[in-house]
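Below is upload_21.cif, holding mmCIF, C-alpha atoms.
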```cif
data_run
loop_
_atom_site.label_atom_id
_atom_site.label_comp_id
_atom_site.auth_asym_id
_atom_site.auth_seq_id
_atom_site.Cartn_x
_atom_site.Cartn_y
_atom_site.Cartn_z
CA MET A 2 -37.75 -31.10 105.58
CA ARG A 3 -38.25 -31.08 101.80
CA VAL A 4 -41.77 -30.88 100.37
CA LEU A 5 -43.03 -31.36 96.83
CA GLY A 6 -46.16 -29.29 96.17
CA ILE A 7 -48.28 -30.34 93.18
CA ASP A 8 -50.95 -28.21 91.52
CA CYS A 9 -52.89 -30.71 89.41
CA GLY A 10 -54.34 -29.69 86.06
CA THR A 11 -55.44 -31.45 82.88
CA GLU A 12 -53.09 -29.30 80.75
CA TYR A 13 -50.51 -27.80 83.14
CA THR A 14 -49.54 -29.64 86.32
CA GLY A 15 -47.44 -27.28 88.42
CA TYR A 16 -44.73 -28.50 90.79
CA GLY A 17 -42.61 -26.77 93.38
CA ILE A 18 -40.06 -28.22 95.79
CA VAL A 19 -39.32 -26.25 98.96
CA ASP A 20 -36.88 -26.92 101.82
CA LEU A 21 -37.42 -25.76 105.37
CA VAL A 22 -33.89 -25.03 106.58
CA ALA A 23 -33.62 -24.79 110.36
CA ASP A 24 -31.11 -22.41 111.86
CA SER A 25 -29.07 -23.45 114.90
CA ARG A 26 -31.54 -21.95 117.40
CA GLY A 27 -34.61 -23.39 115.59
CA ALA A 28 -36.35 -20.02 115.73
CA ASN A 29 -35.63 -18.46 112.36
CA ASP A 30 -36.30 -21.32 109.96
CA ARG A 31 -35.84 -20.36 106.32
CA LEU A 32 -37.79 -21.48 103.26
CA VAL A 33 -35.66 -22.28 100.21
CA CYS A 34 -36.99 -22.97 96.70
CA VAL A 35 -35.25 -26.05 95.27
CA CYS A 36 -37.01 -25.97 91.91
CA CYS A 37 -40.37 -25.26 90.31
CA GLY A 38 -42.09 -25.51 86.95
CA ALA A 39 -44.97 -27.25 85.20
CA ILE A 40 -45.46 -30.48 83.31
CA ARG A 41 -47.39 -29.52 80.19
CA VAL A 42 -49.43 -32.06 78.28
CA SER A 43 -51.26 -31.51 75.04
CA PRO A 44 -55.09 -31.57 75.21
CA ARG A 45 -54.96 -33.15 71.74
CA GLU A 46 -53.41 -36.34 73.08
CA PRO A 47 -55.59 -39.14 74.52
CA MET A 48 -56.04 -38.86 78.29
CA PRO A 49 -54.12 -42.10 79.10
CA VAL A 50 -51.08 -40.73 77.20
CA ARG A 51 -51.33 -37.41 79.07
CA LEU A 52 -51.59 -39.21 82.41
CA SER A 53 -48.59 -41.32 81.49
CA ARG A 54 -46.49 -38.20 80.77
CA ILE A 55 -47.55 -36.57 84.07
CA SER A 56 -46.75 -39.79 85.93
CA GLN A 57 -43.29 -40.03 84.33
CA GLY A 58 -42.58 -36.34 84.94
CA LEU A 59 -43.48 -36.55 88.64
CA GLY A 60 -41.58 -39.83 89.01
CA LYS A 61 -38.40 -38.21 87.62
CA LEU A 62 -38.82 -35.16 89.89
CA ILE A 63 -39.20 -37.34 92.99
CA ALA A 64 -36.20 -39.49 92.02
CA ALA A 65 -34.01 -36.44 91.32
CA HIS A 66 -34.89 -34.32 94.37
CA GLN A 67 -35.97 -36.93 96.96
CA PRO A 68 -38.69 -34.94 98.78
CA ASP A 69 -39.75 -36.16 102.25
CA GLN A 70 -43.45 -35.47 101.75
CA VAL A 71 -45.96 -34.44 99.09
CA ALA A 72 -48.75 -31.85 99.32
CA ILE A 73 -51.61 -31.24 96.91
CA GLU A 74 -54.61 -28.94 96.77
CA ASP A 75 -57.90 -30.37 97.93
CA VAL A 76 -60.78 -29.43 95.67
CA PHE A 77 -64.29 -29.26 97.07
CA TYR A 78 -65.85 -27.43 94.19
CA ALA A 79 -65.61 -27.70 90.43
CA VAL A 80 -67.35 -26.18 87.44
CA ASN A 81 -69.18 -29.48 86.93
CA ALA A 82 -68.90 -33.24 87.51
CA LYS A 83 -67.21 -33.76 84.11
CA SER A 84 -64.35 -31.36 84.88
CA ALA A 85 -64.07 -32.73 88.45
CA LEU A 86 -63.72 -36.23 86.99
CA LYS A 87 -60.92 -35.09 84.63
CA LEU A 88 -59.09 -33.22 87.38
CA GLY A 89 -59.51 -36.29 89.62
CA GLN A 90 -57.73 -38.40 87.02
CA VAL A 91 -54.63 -36.20 87.25
CA ARG A 92 -54.85 -36.13 91.07
CA GLY A 93 -55.03 -39.93 91.14
CA VAL A 94 -51.85 -40.18 89.07
CA ALA A 95 -50.09 -37.59 91.30
CA MET A 96 -51.11 -39.46 94.47
CA LEU A 97 -49.96 -42.73 92.93
CA ALA A 98 -46.53 -41.22 92.09
CA ALA A 99 -46.16 -40.24 95.76
CA ALA A 100 -47.39 -43.60 97.07
CA THR A 101 -45.05 -45.49 94.71
CA ALA A 102 -42.13 -43.57 96.22
CA GLY A 103 -43.44 -44.33 99.73
CA LEU A 104 -44.28 -40.67 100.42
CA ALA A 105 -47.23 -39.45 102.48
CA VAL A 106 -49.64 -37.05 100.75
CA SER A 107 -51.30 -34.13 102.57
CA GLU A 108 -54.24 -32.25 101.08
CA TYR A 109 -55.05 -28.59 101.71
CA ALA A 110 -58.13 -26.56 100.81
CA PRO A 111 -57.45 -23.41 98.73
CA LEU A 112 -58.54 -21.30 101.73
CA SER A 113 -55.95 -22.96 103.99
CA ILE A 114 -53.22 -22.42 101.40
CA LYS A 115 -53.98 -18.70 101.09
CA SER A 116 -54.22 -18.37 104.87
CA ALA A 117 -50.84 -20.06 105.33
CA VAL A 118 -49.10 -18.03 102.62
CA VAL A 119 -50.79 -14.61 102.70
CA GLY A 120 -52.38 -14.75 106.16
CA TYR A 121 -55.83 -14.18 104.65
CA GLY A 122 -57.95 -16.99 103.18
CA ARG A 123 -59.77 -14.80 100.69
CA ALA A 124 -56.60 -13.23 99.24
CA GLU A 125 -56.35 -12.66 95.50
CA LYS A 126 -54.22 -14.99 93.36
CA HIS A 127 -51.62 -12.27 92.61
CA GLN A 128 -51.22 -11.52 96.33
CA GLU A 129 -50.46 -15.21 96.92
CA GLN A 130 -47.93 -15.22 94.07
CA GLN A 131 -46.21 -12.09 95.46
CA MET A 132 -45.99 -13.62 98.93
CA VAL A 133 -44.52 -16.86 97.49
CA THR A 134 -41.89 -14.75 95.70
CA ARG A 135 -41.07 -12.83 98.89
CA LEU A 136 -41.06 -15.83 101.27
CA LEU A 137 -38.71 -17.77 98.98
CA GLN A 138 -36.61 -14.64 98.23
CA LEU A 139 -37.00 -15.11 94.49
CA GLU A 140 -36.13 -12.37 92.02
CA GLU A 141 -39.45 -12.54 90.23
CA ILE A 142 -42.85 -14.27 90.37
CA PRO A 143 -42.38 -17.91 89.24
CA GLU A 144 -43.90 -18.82 85.88
CA PRO A 145 -46.17 -20.35 84.79
CA ALA A 146 -48.75 -19.49 87.45
CA ASP A 147 -49.15 -23.23 88.16
CA ALA A 148 -45.53 -23.34 89.39
CA ALA A 149 -46.22 -20.48 91.84
CA ASP A 150 -49.40 -22.26 92.98
CA ALA A 151 -47.45 -25.48 93.60
CA LEU A 152 -44.85 -23.58 95.66
CA ALA A 153 -47.71 -22.06 97.71
CA ILE A 154 -49.03 -25.58 98.44
CA ALA A 155 -45.55 -26.71 99.56
CA ILE A 156 -45.14 -23.62 101.80
CA CYS A 157 -48.60 -24.25 103.32
CA HIS A 158 -47.59 -27.82 104.19
CA LEU A 159 -44.24 -26.74 105.67
CA HIS A 160 -45.95 -24.09 107.85
CA THR A 161 -48.60 -26.57 108.99
CA ALA A 162 -46.07 -29.36 109.63
CA ALA A 163 -43.74 -27.00 111.52
CA THR A 164 -46.62 -25.80 113.71
CA ALA A 165 -47.74 -29.38 114.39
CA GLU A 166 -44.14 -30.29 115.22
CA ARG A 167 -43.87 -27.43 117.75
CA GLN A 168 -47.23 -28.30 119.31
CA GLY A 169 -46.16 -31.93 119.45
CA SER A 170 -42.94 -30.96 121.30
CA VAL A 171 -44.89 -28.89 123.80
CA ARG A 172 -47.30 -31.72 124.39
CA ARG A 173 -44.50 -34.25 124.81
CA VAL A 174 -42.81 -31.95 127.37
CA ALA A 175 -46.09 -31.42 129.22
CA MET A 176 -46.73 -35.17 129.46
CA ARG A 177 -43.45 -35.96 131.22
CA MET B 3 -59.31 -60.05 70.42
CA ARG B 4 -59.05 -59.95 74.21
CA VAL B 5 -60.51 -56.99 76.13
CA LEU B 6 -60.14 -55.97 79.77
CA GLY B 7 -63.22 -54.11 81.01
CA ILE B 8 -62.77 -52.03 84.17
CA ASP B 9 -65.58 -50.72 86.36
CA CYS B 10 -63.87 -48.06 88.49
CA GLY B 11 -64.95 -47.49 92.09
CA THR B 12 -63.40 -46.00 95.23
CA GLU B 13 -64.03 -49.23 97.18
CA TYR B 14 -64.60 -52.00 94.61
CA THR B 15 -62.98 -51.80 91.17
CA GLY B 16 -64.49 -54.53 89.02
CA TYR B 17 -62.59 -56.21 86.21
CA GLY B 18 -63.60 -58.65 83.49
CA ILE B 19 -61.55 -60.08 80.65
CA VAL B 20 -63.43 -61.33 77.60
CA ASP B 21 -62.19 -62.98 74.40
CA LEU B 22 -63.94 -62.69 71.05
CA VAL B 23 -63.29 -66.05 69.45
CA ALA B 24 -63.88 -66.10 65.69
CA ASP B 25 -65.17 -69.27 64.08
CA SER B 26 -63.78 -70.37 60.73
CA ARG B 27 -66.52 -68.61 58.73
CA GLY B 28 -66.27 -65.41 60.81
CA ALA B 29 -70.04 -65.32 61.19
CA ASN B 30 -70.67 -66.91 64.58
CA ASP B 31 -68.09 -65.22 66.77
CA ARG B 32 -68.24 -66.38 70.37
CA LEU B 33 -67.65 -64.40 73.56
CA VAL B 34 -65.61 -66.23 76.21
CA CYS B 35 -65.08 -65.05 79.78
CA VAL B 36 -61.39 -65.39 80.71
CA CYS B 37 -61.74 -64.13 84.27
CA CYS B 38 -63.57 -61.57 86.37
CA GLY B 39 -63.60 -60.21 89.90
CA ALA B 40 -63.02 -57.04 91.86
CA ILE B 41 -60.08 -55.34 93.52
CA ARG B 42 -61.34 -54.30 96.94
CA VAL B 43 -59.66 -51.52 98.88
CA SER B 44 -60.48 -50.41 102.38
CA PRO B 45 -62.06 -46.95 102.72
CA ARG B 46 -60.12 -46.66 105.99
CA GLU B 47 -56.79 -46.53 104.18
CA PRO B 48 -55.41 -43.24 102.81
CA MET B 49 -56.39 -42.64 99.18
CA PRO B 50 -52.78 -42.86 97.83
CA VAL B 51 -52.45 -46.34 99.41
CA ARG B 52 -55.79 -47.42 97.89
CA LEU B 53 -54.75 -46.12 94.47
CA SER B 54 -51.46 -47.95 94.78
CA ARG B 55 -53.27 -51.26 95.47
CA ILE B 56 -55.64 -50.73 92.52
CA SER B 57 -52.67 -49.89 90.29
CA GLN B 58 -50.76 -53.01 91.36
CA GLY B 59 -53.84 -55.21 90.97
CA LEU B 60 -54.55 -54.00 87.44
CA GLY B 61 -50.86 -54.24 86.53
CA LYS B 62 -50.76 -57.90 87.60
CA LEU B 63 -53.98 -58.67 85.69
CA ILE B 64 -52.63 -57.11 82.49
CA ALA B 65 -49.29 -58.94 82.86
CA ALA B 66 -50.99 -62.29 83.51
CA HIS B 67 -53.69 -62.16 80.81
CA GLN B 68 -52.18 -59.83 78.18
CA PRO B 69 -55.36 -58.11 76.94
CA ASP B 70 -55.19 -56.32 73.56
CA GLN B 71 -57.33 -53.38 74.61
CA VAL B 72 -58.94 -51.81 77.65
CA ALA B 73 -62.47 -50.41 78.03
CA ILE B 74 -63.89 -48.32 80.88
CA GLU B 75 -67.19 -46.66 81.61
CA ASP B 76 -67.46 -42.98 80.81
CA VAL B 77 -69.22 -41.01 83.52
CA PHE B 78 -71.06 -37.84 82.63
CA TYR B 79 -72.95 -37.48 85.85
CA ALA B 80 -72.09 -37.87 89.51
CA VAL B 81 -73.80 -37.21 92.82
CA ASN B 82 -71.54 -34.18 93.30
CA ALA B 83 -68.14 -32.76 92.36
CA LYS B 84 -66.48 -34.34 95.42
CA SER B 85 -67.52 -37.88 94.46
CA ALA B 86 -66.68 -37.23 90.79
CA LEU B 87 -63.20 -36.15 91.88
CA LYS B 88 -62.71 -39.36 93.91
CA LEU B 89 -63.98 -41.57 91.11
CA GLY B 90 -61.73 -39.66 88.70
CA GLN B 91 -58.71 -40.57 90.83
CA VAL B 92 -59.41 -44.28 90.37
CA ARG B 93 -60.07 -43.78 86.63
CA GLY B 94 -56.75 -41.96 86.28
CA VAL B 95 -54.92 -44.88 87.84
CA ALA B 96 -56.79 -47.38 85.63
CA MET B 97 -55.99 -45.37 82.48
CA LEU B 98 -52.36 -45.12 83.56
CA ALA B 99 -52.14 -48.91 84.05
CA ALA B 100 -53.37 -49.36 80.46
CA ALA B 101 -51.06 -46.67 79.03
CA THR B 102 -48.06 -48.15 80.89
CA ALA B 103 -48.74 -51.48 79.15
CA GLY B 104 -49.11 -49.68 75.81
CA LEU B 105 -52.83 -50.47 75.57
CA ALA B 106 -55.47 -48.18 74.06
CA VAL B 107 -58.40 -47.22 76.30
CA SER B 108 -61.95 -46.85 75.00
CA GLU B 109 -64.68 -45.17 77.04
CA TYR B 110 -68.38 -45.97 76.85
CA ALA B 111 -71.36 -44.18 78.34
CA PRO B 112 -73.62 -46.34 80.59
CA LEU B 113 -76.38 -46.02 77.96
CA SER B 114 -74.10 -47.42 75.24
CA ILE B 115 -73.07 -50.33 77.45
CA LYS B 116 -76.69 -51.30 78.21
CA SER B 117 -77.61 -50.90 74.52
CA ALA B 118 -74.74 -53.17 73.45
CA VAL B 119 -75.45 -55.83 76.07
CA VAL B 120 -79.22 -55.81 76.54
CA GLY B 121 -80.27 -54.03 73.36
CA TYR B 122 -82.01 -51.32 75.34
CA GLY B 123 -80.20 -48.30 76.84
CA ARG B 124 -82.58 -47.85 79.75
CA ALA B 125 -82.45 -51.49 80.87
CA GLU B 126 -82.31 -52.29 84.59
CA LYS B 127 -79.03 -53.37 86.19
CA HIS B 128 -80.25 -56.94 86.82
CA GLN B 129 -81.28 -57.31 83.16
CA GLU B 130 -77.75 -56.34 82.14
CA GLN B 131 -76.26 -58.85 84.59
CA GLN B 132 -78.53 -61.64 83.28
CA MET B 133 -77.55 -60.88 79.68
CA VAL B 134 -73.85 -60.89 80.61
CA THR B 135 -74.37 -64.33 82.20
CA ARG B 136 -76.18 -65.62 79.11
CA LEU B 137 -73.83 -64.13 76.49
CA LEU B 138 -70.77 -65.58 78.25
CA GLN B 139 -72.58 -68.89 78.98
CA LEU B 140 -71.80 -68.66 82.69
CA GLU B 141 -73.56 -70.84 85.25
CA GLU B 142 -74.55 -67.93 87.47
CA ILE B 143 -74.46 -64.13 87.64
CA PRO B 144 -70.85 -63.06 88.36
CA GLU B 145 -70.21 -61.59 91.79
CA PRO B 146 -69.64 -59.00 93.05
CA ALA B 147 -71.88 -56.83 90.85
CA ASP B 148 -68.80 -54.78 89.89
CA ALA B 149 -67.34 -57.87 88.16
CA ALA B 150 -70.53 -58.29 86.08
CA ASP B 151 -70.44 -54.56 85.24
CA ALA B 152 -66.83 -54.85 84.08
CA LEU B 153 -67.71 -57.83 81.85
CA ALA B 154 -70.56 -55.76 80.35
CA ILE B 155 -68.07 -52.98 79.51
CA ALA B 156 -65.74 -55.50 77.82
CA ILE B 157 -68.64 -57.01 75.84
CA CYS B 158 -69.75 -53.53 74.75
CA HIS B 159 -66.26 -52.79 73.45
CA LEU B 160 -66.00 -56.13 71.62
CA HIS B 161 -69.39 -55.56 69.94
CA THR B 162 -68.44 -52.02 68.96
CA ALA B 163 -64.99 -53.00 67.73
CA ALA B 164 -66.37 -55.96 65.75
CA THR B 165 -68.95 -53.70 64.09
CA ALA B 166 -66.30 -51.08 63.28
CA GLU B 167 -64.09 -53.85 61.88
CA ARG B 168 -66.90 -55.10 59.62
CA GLN B 169 -67.72 -51.57 58.47
CA GLY B 170 -64.01 -50.95 57.91
CA SER B 171 -63.81 -54.11 55.75
CA VAL B 172 -66.84 -53.07 53.74
CA ARG B 173 -65.37 -49.61 53.24
CA ARG B 174 -62.01 -51.02 52.24
CA VAL B 175 -63.70 -53.33 49.72
CA ALA B 176 -65.85 -50.48 48.40
CA MET B 177 -62.80 -48.26 47.90
CA ARG B 178 -60.95 -50.68 45.67
#
```

As structure tokens, what does this structure read like?
Amino acid sequence: MRVLGIDCGTEYTGYGIVDLVADSRGANDRLVCVCCGAIRVSPREPMPVRLSRISQGLGKLIAAHQPDQVAIEDVFYAVNAKSALKLGQVRGVAMLAAATAGLAVSEYAPLSIKSAVVGYGRAEKHQEQQMVTRLLQLEEIPEPADAADALAIAICHLHTAATAERQGSVRRVAMR
Amino acid sequence: MRVLGIDCGTEYTGYGIVDLVADSRGANDRLVCVCCGAIRVSPREPMPVRLSRISQGLGKLIAAHQPDQVAIEDVFYAVNAKSALKLGQVRGVAMLAAATAGLAVSEYAPLSIKSAVVGYGRAEKHQEQQMVTRLLQLEEIPEPADAADALAIAICHLHTAATAERQGSVRRVAMR
């Protein structure tokens, strides 16, 4: 399975595409980083123009790498309603890019992402980045930080989906 | 000039298209309602699907009626960050629909919209709806309320743009 993780932001929108490669026995699945980076938009440009650039950037990424699913961070808090509204605008465009390509979108709270990646929901940001680097066997921490965050979101979704898949198999077996 | 006003909402997104028709002397410009209504999406559907429907609906409206500009309500307050984030998602999609069609987007605070339509920023909602009905010479108050709100946003933009145009003309004359 290939997942596109998106870390929405009004200036930098991070993206990271991760594959879950199953080995023949299905026990030692490997995570492989396909690509990562950030779509940067200028805060000097009008918001509709910025949203248009983010939309085009995500559309090209999806077309080029054909992910199976999309994952984004769920935000329950924000500095204030004004900044939540702005962040929501970028999230709306990211969700629309996924929906246009017929891809399902899963949302994860920051705590769930840290738990899935570091094993501890209250982990520091740099711990998460180091674990992303190690899990994907990268030579160095991905930059900018938004790219590493997006990879963490993708890893969280792959872990969660793999667990659900295993539980689903067990349940299907038990129901026979 | 033809303006599309959009009243963003997570369930009903109101729209209203208004023409400013200039008379030969340029003094008694008339406002004409081209169409109005609301794009309704089910809260039971996943947000990306809802956003996709809103995006398609606005895209069709713009293609069919070819507005020159788009106006939306600016929101400074919200019940909480969570609802601001959701509303932001719809706004992002609305702004993107305008940008995709190459249309500029203007934002107006609720106070400015009421001032432009009723002449009093703290007017009640029903006063605004009655003034919209009168200004556009409609037989009854447009329904749903989101459609009337969208028409009010379009009227506000037309008033503001017409005033700016007149001031611009005066300035241009004065500079000669």

Check which residues satisfy the PyMOL selection byres ((chain B) within 9 of (chain A)) in the file shown, then give them as a PyMOL selection string. chain B and resi 48-54+57+77-102+106-107

Please indicate the distance in Å from atom CA of A:Ala149 to atom CA of A:Val35, rounded to one decimal place.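 Interatomic distance here is 12.8 Å.
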
Residue nearest B:Pro69 - candidates B:Ile143, B:Ala164, B:Leu22, B:Val120, atoms counted: only C-alpha atoms: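 Going through B:Ile143, B:Ala164, B:Leu22, B:Val120 one by one, the smallest distance to B:Pro69 is for B:Leu22.
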
Out of B:Leu60, B:Ala163, B:Cys158, B:Ala111, which residue has the shortest atom-to-atom distance to B:Ala40 when counting only C-alpha atoms?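 When distances to B:Ala40 are compared using only C-alpha atoms, the smallest one comes from B:Leu60.
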
The PyMOL selection byres ((chain A and resi 129) around 12) resolved against shown file, as a ChimeraX atom specification: /A:111-128,130-136,142-143,146-147,149-154,156-157
